[in-house]
Amino acid sequence: MPARRIVSLVPSQTELLYDLGLDAEVVGVTKFCVHPEEWRGRKAIVGGTKNVDHPVVDSLTPDLIIANKEENTKEDVERLMKKYKVWVSDIATVDDAFKMIETIGGFVERKEQAKQIVAGIRHSFSRLPVFEIKKAVYMIWKKPWMAAGSDTFISSMMKVAGFENVVLEKRYPEVSEAELKSLKPEVVLLSTEPYPFKEQHVEEIKRVLPGSTVRLVDGEMFSWYGSRMGKAAEYFEELKCSS
């Protein structure tokens, strides 16, 4: 039986459900599920990705909850698993994302649509020009400074975009200003999420790394591992052309 009452705890996978052609089947989303905008006023809000509102989830009687190992807490997921079918994605590479898209397509009887989404993303990536590879650091947080490590989906997408991640630690390590200097990145990418970096932060990093190019970048293009990947190739090409 396909899922008919779905709660999504993952913003990028919420958008995927929409792009697979679902609507009534999705009964609950988080407050961070900003795409599609039209769902924000029509779907029940089940809290945040890190603090699920369990009574609201219970009121929705879901037959499938979609979660993610990184974005949701172990405590929330384990509590939900005691009552409901919960599927937890674990995405570290572009290929992991493709498998996730097709798996969710299977859950909701949209296998062909899922394959088409994956094929479209693969095609758009294959048509990217051969970029000059730049050594880069991708910053996700401030106070403390934190960067995307080598085993993250972000790092995998950096490679697609023509950047070599010089942060070799795993997950999301804290990076001091001294460590930033020692990494000698040619480019520092300041993401719009989860920390909302602004122009003043560009100037702050430039004072630390005067020889580096510092860019504000759309975090969704590097970290959303669903159908939004279909917009990434065009964004990456524009980003590299303007560097």
# chains A, B, ... in the order shown; residues from 1 in each chain; ligands from 1
>>> closest_atom_pairs(of="stretch 107-194 of chain A", to="stretch 82-95 of chain A", cutoff="9 Å", atoms="only C-alpha atoms", output="JSON lines")
{"residue": "A:Asp151", "atom": "CA", "partner": "A:Ala92", "partner_atom": "CA", "distance": 6.2}
{"residue": "A:Thr152", "atom": "CA", "partner": "A:Ala92", "partner_atom": "CA", "distance": 4.8}
{"residue": "A:Phe153", "atom": "CA", "partner": "A:Ala92", "partner_atom": "CA", "distance": 4.3}
{"residue": "A:Ile154", "atom": "CA", "partner": "A:Ala92", "partner_atom": "CA", "distance": 7.9}
{"residue": "A:Ser155", "atom": "CA", "partner": "A:Thr93", "partner_atom": "CA", "distance": 8.1}
{"residue": "A:Ser156", "atom": "CA", "partner": "A:Thr93", "partner_atom": "CA", "distance": 5.4}
{"residue": "A:Met157", "atom": "CA", "partner": "A:Val94", "partner_atom": "CA", "distance": 6.9}
{"residue": "A:Val160", "atom": "CA", "partner": "A:Val94", "partner_atom": "CA", "distance": 9.0}
>>> residues_around(residues="stretch 121-128 of chain A", least_positions_apart="4", cutoff="10 Å", atoms="only C-alpha atoms", output="PyMOL selection string")
chain A and resi 94-95+98+115-117+160-162+226-234+236-237
>>> write_last_selection(atoms="N, CA, C and O atoms", output="CSV table (one decimal), in the first residue's frame")
chain,number,residue,atom,x,y,z
A,94,VAL,N,26.1,12.8,-3.7
A,94,VAL,CA,25.1,13.0,-4.8
A,94,VAL,C,24.4,11.7,-5.1
A,94,VAL,O,23.1,11.7,-5.3
A,95,ASP,N,25.1,10.6,-5.2
A,95,ASP,CA,24.5,9.3,-5.5
A,95,ASP,C,23.5,8.9,-4.4
A,95,ASP,O,22.4,8.3,-4.7
A,98,PHE,N,20.3,10.6,-5.1
A,98,PHE,CA,19.6,10.0,-6.2
A,98,PHE,C,18.8,8.7,-5.7
A,98,PHE,O,17.6,8.5,-6.1
A,115,LYS,N,12.3,8.7,-11.2
A,115,LYS,CA,13.4,8.4,-12.2
A,115,LYS,C,13.6,9.6,-13.1
A,115,LYS,O,14.7,9.9,-13.5
A,116,GLN,N,12.5,10.2,-13.5
A,116,GLN,CA,12.6,11.4,-14.4
A,116,GLN,C,13.3,12.5,-13.7
A,116,GLN,O,14.1,13.2,-14.3
A,117,ILE,N,13.0,12.7,-12.4
A,117,ILE,CA,13.7,13.8,-11.7
A,117,ILE,C,15.2,13.5,-11.6
A,117,ILE,O,16.1,14.4,-11.9
A,160,VAL,N,30.8,19.0,-7.6
A,160,VAL,CA,30.1,19.3,-8.8
A,160,VAL,C,30.2,20.7,-9.3
A,160,VAL,O,30.4,21.0,-10.5
A,161,ALA,N,30.3,21.6,-8.3
A,161,ALA,CA,30.4,23.1,-8.6
A,161,ALA,C,31.8,23.5,-8.9
A,161,ALA,O,32.0,24.7,-9.2
A,162,GLY,N,32.8,22.6,-8.9
A,162,GLY,CA,34.2,23.0,-9.2
A,162,GLY,C,35.0,23.5,-8.1
A,162,GLY,O,36.0,24.2,-8.3
A,226,GLY,N,17.1,17.1,-2.6
A,226,GLY,CA,16.0,16.6,-3.3
A,226,GLY,C,15.9,17.1,-4.7
A,226,GLY,O,16.9,17.3,-5.4
A,227,SER,N,14.7,17.4,-5.1
A,227,SER,CA,14.4,17.9,-6.5
A,227,SER,C,15.0,19.2,-6.7
A,227,SER,O,15.3,19.6,-7.9
A,228,ARG,N,15.3,20.0,-5.7
A,228,ARG,CA,16.0,21.3,-5.9
A,228,ARG,C,17.4,21.1,-6.6
A,228,ARG,O,17.9,22.1,-7.1
A,229,MET,N,17.9,20.0,-6.5
A,229,MET,CA,19.2,19.7,-7.2
A,229,MET,C,19.1,20.0,-8.7
A,229,MET,O,20.1,20.3,-9.3
A,230,GLY,N,17.9,19.9,-9.2
A,230,GLY,CA,17.7,20.2,-10.6
A,230,GLY,C,17.9,21.7,-11.0
A,230,GLY,O,18.1,22.0,-12.2
A,231,LYS,N,17.9,22.6,-10.0
A,231,LYS,CA,18.2,24.0,-10.2
A,231,LYS,C,19.7,24.3,-10.0
A,231,LYS,O,20.1,25.4,-10.3
A,232,ALA,N,20.5,23.3,-9.4
A,232,ALA,CA,21.8,23.6,-9.0
A,232,ALA,C,22.8,23.9,-10.1
A,232,ALA,O,23.7,24.7,-10.0
A,233,ALA,N,22.7,23.1,-11.2
A,233,ALA,CA,23.7,23.2,-12.3
A,233,ALA,C,23.7,24.6,-12.8
A,233,ALA,O,24.8,25.2,-13.0
A,234,GLU,N,22.6,25.2,-13.1
A,234,GLU,CA,22.5,26.6,-13.7
A,234,GLU,C,23.1,27.5,-12.7
A,234,GLU,O,23.9,28.5,-13.0
A,236,PHE,N,25.4,26.9,-10.3
A,236,PHE,CA,26.8,26.7,-10.2
A,236,PHE,C,27.5,27.3,-11.4
A,236,PHE,O,28.6,27.9,-11.2
A,237,GLU,N,27.0,27.2,-12.6
A,237,GLU,CA,27.6,27.8,-13.7
A,237,GLU,C,27.6,29.4,-13.6
A,237,GLU,O,28.7,30.0,-13.9
>>> closest_atom_pairs(of="stretch 88-116 of chain A", to="stretch 21-26 of chain A", cutoff="9 Å", atoms="only C-alpha atoms", output="tab-separated table")
residue	atom	partner	partner_atom	distance
A:Val108	CA	A:Leu22	CA	8.3
A:Arg110	CA	A:Gly21	CA	8.0
A:Gln113	CA	A:Gly21	CA	8.3
>>> write_last_selection(atoms="all heavy atoms", output="mmCIF file, in the first residue's frame")
data_model
loop_
_atom_site.group_PDB
_atom_site.id
_atom_site.type_symbol
_atom_site.label_atom_id
_atom_site.label_comp_id
_atom_site.auth_asym_id
_atom_site.auth_seq_id
_atom_site.Cartn_x
_atom_site.Cartn_y
_atom_site.Cartn_z
ATOM 1 N N VAL A 108 5.514 6.249 -2.600
ATOM 2 C CA VAL A 108 4.292 7.007 -2.919
ATOM 3 C C VAL A 108 3.753 6.702 -4.317
ATOM 4 O O VAL A 108 2.950 7.467 -4.858
ATOM 5 C CB VAL A 108 4.546 8.527 -2.762
ATOM 6 C CG1 VAL A 108 4.901 8.856 -1.315
ATOM 7 C CG2 VAL A 108 5.648 9.022 -3.697
ATOM 8 N N ARG A 110 5.222 6.775 -7.204
ATOM 9 C CA ARG A 110 5.662 7.750 -8.203
ATOM 10 C C ARG A 110 7.055 7.358 -8.714
ATOM 11 O O ARG A 110 7.931 8.200 -8.857
ATOM 12 C CB ARG A 110 5.701 9.166 -7.612
ATOM 13 C CG ARG A 110 4.389 9.730 -7.133
ATOM 14 C CD ARG A 110 3.434 10.036 -8.277
ATOM 15 N NE ARG A 110 2.325 10.895 -7.860
ATOM 16 C CZ ARG A 110 1.261 10.492 -7.199
ATOM 17 N NH1 ARG A 110 1.149 9.213 -6.847
ATOM 18 N NH2 ARG A 110 0.304 11.356 -6.876
ATOM 19 N N GLN A 113 8.081 9.106 -12.051
ATOM 20 C CA GLN A 113 8.358 10.530 -11.849
ATOM 21 C C GLN A 113 9.693 10.719 -11.131
ATOM 22 O O GLN A 113 10.458 11.638 -11.465
ATOM 23 C CB GLN A 113 7.238 11.189 -11.036
ATOM 24 C CG GLN A 113 5.907 11.269 -11.760
ATOM 25 C CD GLN A 113 5.004 10.078 -11.471
ATOM 26 O OE1 GLN A 113 5.476 8.946 -11.317
ATOM 27 N NE2 GLN A 113 3.706 10.333 -11.397
#
>>> residues_around(residues="A:Phe107", least_positions_apart="5", cutoff="10 Å", atoms="only C-alpha atoms", output="PDB file with all heavy atoms, in the first residue's frame")
ATOM      1  N   MET A   1       0.838  -1.201   0.000  1.00  0.00           N
ATOM      2  CA  MET A   1       0.000   0.000   0.000  1.00  0.00           C
ATOM      3  C   MET A   1       0.875   1.254   0.000  1.00  0.00           C
ATOM      4  O   MET A   1       1.787   1.376   0.813  1.00  0.00           O
ATOM      5  CB  MET A   1      -0.888   0.013   1.243  1.00  0.00           C
ATOM      6  CG  MET A   1      -2.095  -0.900   1.149  1.00  0.00           C
ATOM      7  SD  MET A   1      -3.347  -0.215   0.031  1.00  0.00           S
ATOM      8  CE  MET A   1      -3.844   1.228   0.947  1.00  0.00           C
ATOM      9  N   PRO A   2       0.605   2.192  -0.894  1.00  0.00           N
ATOM     10  CA  PRO A   2       1.354   3.447  -0.882  1.00  0.00           C
ATOM     11  C   PRO A   2       0.969   4.292   0.327  1.00  0.00           C
ATOM     12  O   PRO A   2      -0.135   4.165   0.872  1.00  0.00           O
ATOM     13  CB  PRO A   2       0.916   4.123  -2.174  1.00  0.00           C
ATOM     14  CG  PRO A   2      -0.449   3.592  -2.434  1.00  0.00           C
ATOM     15  CD  PRO A   2      -0.404   2.158  -1.966  1.00  0.00           C
ATOM     16  N   ALA A   3       1.883   5.152   0.749  1.00  0.00           N
ATOM     17  CA  ALA A   3       1.591   6.041   1.869  1.00  0.00           C
ATOM     18  C   ALA A   3       0.519   7.047   1.469  1.00  0.00           C
ATOM     19  O   ALA A   3       0.557   7.613   0.381  1.00  0.00           O
ATOM     20  CB  ALA A   3       2.863   6.760   2.293  1.00  0.00           C
ATOM     21  N   ARG A   4      -0.448   7.257   2.357  1.00  0.00           N
ATOM     22  CA  ARG A   4      -1.551   8.182   2.085  1.00  0.00           C
ATOM     23  C   ARG A   4      -1.595   9.352   3.055  1.00  0.00           C
ATOM     24  O   ARG A   4      -2.269  10.342   2.803  1.00  0.00           O
ATOM     25  CB  ARG A   4      -2.890   7.424   2.158  1.00  0.00           C
ATOM     26  CG  ARG A   4      -3.041   6.330   1.118  1.00  0.00           C
ATOM     27  CD  ARG A   4      -2.948   6.890  -0.307  1.00  0.00           C
ATOM     28  NE  ARG A   4      -3.229   5.872  -1.314  1.00  0.00           N
ATOM     29  CZ  ARG A   4      -2.953   5.984  -2.611  1.00  0.00           C
ATOM     30  NH1 ARG A   4      -2.352   7.099  -3.044  1.00  0.00           N
ATOM     31  NH2 ARG A   4      -3.245   5.022  -3.457  1.00  0.00           N
ATOM     32  N   LEU A  64       3.202   7.301   7.267  1.00  0.00           N
ATOM     33  CA  LEU A  64       4.626   7.382   6.933  1.00  0.00           C
ATOM     34  C   LEU A  64       5.172   8.725   7.409  1.00  0.00           C
ATOM     35  O   LEU A  64       4.581   9.766   7.155  1.00  0.00           O
ATOM     36  CB  LEU A  64       4.857   7.260   5.419  1.00  0.00           C
ATOM     37  CG  LEU A  64       6.316   7.451   4.948  1.00  0.00           C
ATOM     38  CD1 LEU A  64       7.209   6.339   5.494  1.00  0.00           C
ATOM     39  CD2 LEU A  64       6.381   7.512   3.425  1.00  0.00           C
ATOM     40  N   TRP A  87      10.773   6.476   7.962  1.00  0.00           N
ATOM     41  CA  TRP A  87      11.891   6.210   7.048  1.00  0.00           C
ATOM     42  C   TRP A  87      12.905   7.331   7.199  1.00  0.00           C
ATOM     43  O   TRP A  87      12.564   8.509   7.108  1.00  0.00           O
ATOM     44  CB  TRP A  87      11.423   6.120   5.602  1.00  0.00           C
ATOM     45  CG  TRP A  87      12.552   5.735   4.686  1.00  0.00           C
ATOM     46  CD1 TRP A  87      13.103   4.499   4.542  1.00  0.00           C
ATOM     47  CD2 TRP A  87      13.274   6.596   3.801  1.00  0.00           C
ATOM     48  NE1 TRP A  87      14.133   4.534   3.622  1.00  0.00           N
ATOM     49  CE2 TRP A  87      14.260   5.806   3.158  1.00  0.00           C
ATOM     50  CE3 TRP A  87      13.193   7.959   3.493  1.00  0.00           C
ATOM     51  CZ2 TRP A  87      15.147   6.340   2.215  1.00  0.00           C
ATOM     52  CZ3 TRP A  87      14.072   8.493   2.562  1.00  0.00           C
ATOM     53  CH2 TRP A  87      15.029   7.682   1.936  1.00  0.00           C
ATOM     54  N   GLU A 102      14.550   8.097  -5.588  1.00  0.00           N
ATOM     55  CA  GLU A 102      13.871   6.930  -6.156  1.00  0.00           C
ATOM     56  C   GLU A 102      13.196   6.087  -5.073  1.00  0.00           C
ATOM     57  O   GLU A 102      12.121   5.516  -5.309  1.00  0.00           O
ATOM     58  CB  GLU A 102      14.865   6.111  -6.970  1.00  0.00           C
ATOM     59  CG  GLU A 102      15.357   6.866  -8.213  1.00  0.00           C
ATOM     60  CD  GLU A 102      16.139   5.995  -9.176  1.00  0.00           C
ATOM     61  OE1 GLU A 102      16.415   4.821  -8.843  1.00  0.00           O
ATOM     62  OE2 GLU A 102      16.464   6.490 -10.274  1.00  0.00           O
TER      63      GLU A 102
END
>>> residues_around(residues="A:Thr14", least_positions_apart="6", cutoff="9 Å", atoms="only C-alpha atoms", output="list in words")
Val7, Ser8, Val26, Val29, Thr30, Cys33, Val34, His35, Pro36, Ile66 and Gly226 of chain A
>>> select_by_dssp(residues="stretch 142-239 of chain A", states="helix (DSSP H, G or I)", output="NGL selection string")
:A and (153-160 or 177-183 or 199-208 or 219-223 or 227-239)
>>> select_by_dssp(residues="stretch 17-234 of chain A", states="strand (DSSP E or B)", output="number ranges by chain")
A: 26-29, 44-45, 47, 52, 64-68, 86-89, 134-141, 146-147, 163-165, 174, 187-191, 213-217
>>> closest_residue(among="A:Tyr235, A:Trp145, A:Tyr18, A:Tyr172", to="A:Ile205", atoms="only C-alpha atoms")
A:Trp145
>>> closest_residue(among="A:Val202, A:Ile101, A:Val57, A:Ala119", to="A:Gln13", atoms="only C-alpha atoms")
A:Ile101
>>> residues_around(residues="A:Leu190", least_positions_apart="5", cutoff="9 Å", atoms="only C-alpha atoms", output="list in words")
Val137, Tyr138, Met139, Ile140, Trp141, Tyr195, Pro196, Phe197, Lys198, His201, Val202, Val214, Arg215, Leu216, Val217, Asp218 and Gly219 of chain A
>>> decode(residues="stretch 3-141 of chain A", atoms="C-alpha atoms", output="PDB file, in the first residue's frame")
ATOM      1  CA  ALA A   3       1.591   6.041   1.869  1.00  0.00           C
ATOM      2  CA  ARG A   4      -1.551   8.182   2.085  1.00  0.00           C
ATOM      3  CA  ARG A   5      -0.873  10.310   5.185  1.00  0.00           C
ATOM      4  CA  ILE A   6       2.691  11.551   5.147  1.00  0.00           C
ATOM      5  CA  VAL A   7       4.504  13.795   7.589  1.00  0.00           C
ATOM      6  CA  SER A   8       7.784  15.206   6.302  1.00  0.00           C
ATOM      7  CA  LEU A   9      10.399  16.388   8.795  1.00  0.00           C
ATOM      8  CA  VAL A  10      12.915  17.334   6.101  1.00  0.00           C
ATOM      9  CA  PRO A  11      12.535  20.549   4.047  1.00  0.00           C
ATOM     10  CA  SER A  12      14.288  19.303   0.905  1.00  0.00           C
ATOM     11  CA  GLN A  13      12.291  16.080   0.926  1.00  0.00           C
ATOM     12  CA  THR A  14       9.053  18.004   1.449  1.00  0.00           C
ATOM     13  CA  GLU A  15       9.744  19.847  -1.795  1.00  0.00           C
ATOM     14  CA  LEU A  16      10.496  16.502  -3.456  1.00  0.00           C
ATOM     15  CA  LEU A  17       7.079  15.168  -2.443  1.00  0.00           C
ATOM     16  CA  TYR A  18       5.477  18.187  -4.097  1.00  0.00           C
ATOM     17  CA  ASP A  19       7.533  17.760  -7.262  1.00  0.00           C
ATOM     18  CA  LEU A  20       6.533  14.093  -7.386  1.00  0.00           C
ATOM     19  CA  GLY A  21       2.947  15.309  -7.751  1.00  0.00           C
ATOM     20  CA  LEU A  22       1.649  14.777  -4.220  1.00  0.00           C
ATOM     21  CA  ASP A  23      -0.627  17.114  -2.313  1.00  0.00           C
ATOM     22  CA  ALA A  24      -3.438  15.634  -0.221  1.00  0.00           C
ATOM     23  CA  GLU A  25      -1.136  12.767   0.788  1.00  0.00           C
ATOM     24  CA  VAL A  26       1.157  15.161   2.691  1.00  0.00           C
ATOM     25  CA  VAL A  27      -0.574  16.122   5.935  1.00  0.00           C
ATOM     26  CA  GLY A  28       2.263  17.647   7.975  1.00  0.00           C
ATOM     27  CA  VAL A  29       5.529  19.515   7.456  1.00  0.00           C
ATOM     28  CA  THR A  30       8.001  21.452   9.606  1.00  0.00           C
ATOM     29  CA  LYS A  31       8.141  25.220   9.982  1.00  0.00           C
ATOM     30  CA  PHE A  32      11.358  25.127   7.934  1.00  0.00           C
ATOM     31  CA  CYS A  33       9.661  23.513   4.930  1.00  0.00           C
ATOM     32  CA  VAL A  34       9.571  26.735   2.906  1.00  0.00           C
ATOM     33  CA  HIS A  35       9.085  25.061  -0.486  1.00  0.00           C
ATOM     34  CA  PRO A  36       6.491  24.869  -1.903  1.00  0.00           C
ATOM     35  CA  GLU A  37       5.225  28.142  -0.504  1.00  0.00           C
ATOM     36  CA  GLU A  38       1.606  27.193  -1.220  1.00  0.00           C
ATOM     37  CA  TRP A  39       1.777  24.373   1.327  1.00  0.00           C
ATOM     38  CA  ARG A  40       2.825  26.615   4.205  1.00  0.00           C
ATOM     39  CA  GLY A  41      -0.701  27.815   4.853  1.00  0.00           C
ATOM     40  CA  ARG A  42      -2.440  24.516   4.115  1.00  0.00           C
ATOM     41  CA  LYS A  43      -0.385  21.835   5.838  1.00  0.00           C
ATOM     42  CA  ALA A  44      -0.190  21.198   9.562  1.00  0.00           C
ATOM     43  CA  ILE A  45       3.061  22.461  11.079  1.00  0.00           C
ATOM     44  CA  VAL A  46       4.660  19.772  13.235  1.00  0.00           C
ATOM     45  CA  GLY A  47       7.322  21.930  14.866  1.00  0.00           C
ATOM     46  CA  GLY A  48      10.916  22.244  13.716  1.00  0.00           C
ATOM     47  CA  THR A  49      13.401  19.758  12.366  1.00  0.00           C
ATOM     48  CA  LYS A  50      15.103  19.527  15.775  1.00  0.00           C
ATOM     49  CA  ASN A  51      12.029  19.864  18.003  1.00  0.00           C
ATOM     50  CA  VAL A  52       9.079  17.907  16.657  1.00  0.00           C
ATOM     51  CA  ASP A  53       5.656  18.694  18.130  1.00  0.00           C
ATOM     52  CA  HIS A  54       4.600  15.143  18.924  1.00  0.00           C
ATOM     53  CA  PRO A  55       0.974  15.886  19.890  1.00  0.00           C
ATOM     54  CA  VAL A  56       0.449  17.516  16.487  1.00  0.00           C
ATOM     55  CA  VAL A  57       1.978  14.497  14.749  1.00  0.00           C
ATOM     56  CA  ASP A  58      -0.296  12.205  16.757  1.00  0.00           C
ATOM     57  CA  SER A  59      -3.351  14.205  15.686  1.00  0.00           C
ATOM     58  CA  LEU A  60      -2.436  13.610  12.037  1.00  0.00           C
ATOM     59  CA  THR A  61      -2.262   9.789  12.354  1.00  0.00           C
ATOM     60  CA  PRO A  62       0.445   9.441   9.683  1.00  0.00           C
ATOM     61  CA  ASP A  63       1.128   6.176   7.899  1.00  0.00           C
ATOM     62  CA  LEU A  64       4.626   7.382   6.933  1.00  0.00           C
ATOM     63  CA  ILE A  65       7.024   9.863   8.497  1.00  0.00           C
ATOM     64  CA  ILE A  66      10.016  10.942   6.428  1.00  0.00           C
ATOM     65  CA  ALA A  67      13.060  11.949   8.465  1.00  0.00           C
ATOM     66  CA  ASN A  68      16.791  12.396   8.042  1.00  0.00           C
ATOM     67  CA  LYS A  69      19.696  11.200  10.172  1.00  0.00           C
ATOM     68  CA  GLU A  70      21.395  14.595  10.182  1.00  0.00           C
ATOM     69  CA  GLU A  71      18.494  17.028  10.211  1.00  0.00           C
ATOM     70  CA  ASN A  72      16.353  15.366  12.866  1.00  0.00           C
ATOM     71  CA  THR A  73      17.308  14.318  16.367  1.00  0.00           C
ATOM     72  CA  LYS A  74      17.809  10.697  17.351  1.00  0.00           C
ATOM     73  CA  GLU A  75      15.446  11.206  20.298  1.00  0.00           C
ATOM     74  CA  ASP A  76      12.586  12.462  18.119  1.00  0.00           C
ATOM     75  CA  VAL A  77      13.053   9.728  15.531  1.00  0.00           C
ATOM     76  CA  GLU A  78      13.197   6.917  18.104  1.00  0.00           C
ATOM     77  CA  ARG A  79      10.090   8.223  19.858  1.00  0.00           C
ATOM     78  CA  LEU A  80       8.174   8.396  16.574  1.00  0.00           C
ATOM     79  CA  MET A  81       9.326   4.907  15.563  1.00  0.00           C
ATOM     80  CA  LYS A  82       7.516   3.460  18.560  1.00  0.00           C
ATOM     81  CA  LYS A  83       4.187   4.515  17.015  1.00  0.00           C
ATOM     82  CA  TYR A  84       4.657   4.997  13.290  1.00  0.00           C
ATOM     83  CA  LYS A  85       6.467   3.846  10.184  1.00  0.00           C
ATOM     84  CA  VAL A  86       9.461   6.179   9.948  1.00  0.00           C
ATOM     85  CA  TRP A  87      11.891   6.210   7.048  1.00  0.00           C
ATOM     86  CA  VAL A  88      15.216   7.901   7.756  1.00  0.00           C
ATOM     87  CA  SER A  89      17.442   9.040   4.911  1.00  0.00           C
ATOM     88  CA  ASP A  90      21.217   9.338   5.347  1.00  0.00           C
ATOM     89  CA  ILE A  91      22.672  11.498   2.584  1.00  0.00           C
ATOM     90  CA  ALA A  92      26.415  12.071   2.190  1.00  0.00           C
ATOM     91  CA  THR A  93      26.858  12.058  -1.588  1.00  0.00           C
ATOM     92  CA  VAL A  94      25.065  13.004  -4.772  1.00  0.00           C
ATOM     93  CA  ASP A  95      24.472   9.304  -5.484  1.00  0.00           C
ATOM     94  CA  ASP A  96      22.889   8.920  -2.031  1.00  0.00           C
ATOM     95  CA  ALA A  97      20.486  11.703  -2.976  1.00  0.00           C
ATOM     96  CA  PHE A  98      19.551   9.980  -6.233  1.00  0.00           C
ATOM     97  CA  LYS A  99      18.824   6.738  -4.359  1.00  0.00           C
ATOM     98  CA  MET A 100      16.718   8.644  -1.816  1.00  0.00           C
ATOM     99  CA  ILE A 101      14.629  10.292  -4.548  1.00  0.00           C
ATOM    100  CA  GLU A 102      13.871   6.930  -6.156  1.00  0.00           C
ATOM    101  CA  THR A 103      13.164   5.279  -2.788  1.00  0.00           C
ATOM    102  CA  ILE A 104      10.622   7.925  -1.830  1.00  0.00           C
ATOM    103  CA  GLY A 105       9.141   7.648  -5.317  1.00  0.00           C
ATOM    104  CA  GLY A 106       8.537   3.992  -4.567  1.00  0.00           C
ATOM    105  CA  PHE A 107       6.852   4.743  -1.245  1.00  0.00           C
ATOM    106  CA  VAL A 108       4.292   7.007  -2.919  1.00  0.00           C
ATOM    107  CA  GLU A 109       3.750   5.148  -6.215  1.00  0.00           C
ATOM    108  CA  ARG A 110       5.662   7.750  -8.203  1.00  0.00           C
ATOM    109  CA  LYS A 111       8.544   5.586  -9.389  1.00  0.00           C
ATOM    110  CA  GLU A 112       8.543   6.896 -12.945  1.00  0.00           C
ATOM    111  CA  GLN A 113       8.358  10.530 -11.849  1.00  0.00           C
ATOM    112  CA  ALA A 114      11.249   9.933  -9.435  1.00  0.00           C
ATOM    113  CA  LYS A 115      13.361   8.389 -12.191  1.00  0.00           C
ATOM    114  CA  GLN A 116      12.612  11.381 -14.416  1.00  0.00           C
ATOM    115  CA  ILE A 117      13.723  13.796 -11.694  1.00  0.00           C
ATOM    116  CA  VAL A 118      16.980  11.892 -11.215  1.00  0.00           C
ATOM    117  CA  ALA A 119      17.574  11.693 -14.961  1.00  0.00           C
ATOM    118  CA  GLY A 120      17.003  15.434 -15.292  1.00  0.00           C
ATOM    119  CA  ILE A 121      19.491  16.233 -12.536  1.00  0.00           C
ATOM    120  CA  ARG A 122      22.093  13.863 -13.989  1.00  0.00           C
ATOM    121  CA  HIS A 123      21.650  15.453 -17.407  1.00  0.00           C
ATOM    122  CA  SER A 124      22.025  18.992 -16.062  1.00  0.00           C
ATOM    123  CA  PHE A 125      25.197  18.029 -14.188  1.00  0.00           C
ATOM    124  CA  SER A 126      26.638  16.301 -17.256  1.00  0.00           C
ATOM    125  CA  ARG A 127      26.256  19.488 -19.287  1.00  0.00           C
ATOM    126  CA  LEU A 128      28.249  21.640 -16.886  1.00  0.00           C
ATOM    127  CA  PRO A 129      31.465  23.013 -18.362  1.00  0.00           C
ATOM    128  CA  VAL A 130      34.803  21.782 -17.060  1.00  0.00           C
ATOM    129  CA  PHE A 131      35.447  24.240 -14.237  1.00  0.00           C
ATOM    130  CA  GLU A 132      38.843  25.350 -13.038  1.00  0.00           C
ATOM    131  CA  ILE A 133      39.035  23.643  -9.653  1.00  0.00           C
ATOM    132  CA  LYS A 134      39.388  26.080  -6.766  1.00  0.00           C
ATOM    133  CA  LYS A 135      40.430  25.123  -3.227  1.00  0.00           C
ATOM    134  CA  ALA A 136      37.554  26.194  -1.002  1.00  0.00           C
ATOM    135  CA  VAL A 137      36.042  26.302   2.470  1.00  0.00           C
ATOM    136  CA  TYR A 138      32.252  26.257   2.888  1.00  0.00           C
ATOM    137  CA  MET A 139      31.183  28.022   6.080  1.00  0.00           C
ATOM    138  CA  ILE A 140      27.872  27.103   7.725  1.00  0.00           C
ATOM    139  CA  TRP A 141      28.050  28.865  11.097  1.00  0.00           C
TER     140      TRP A 141
END
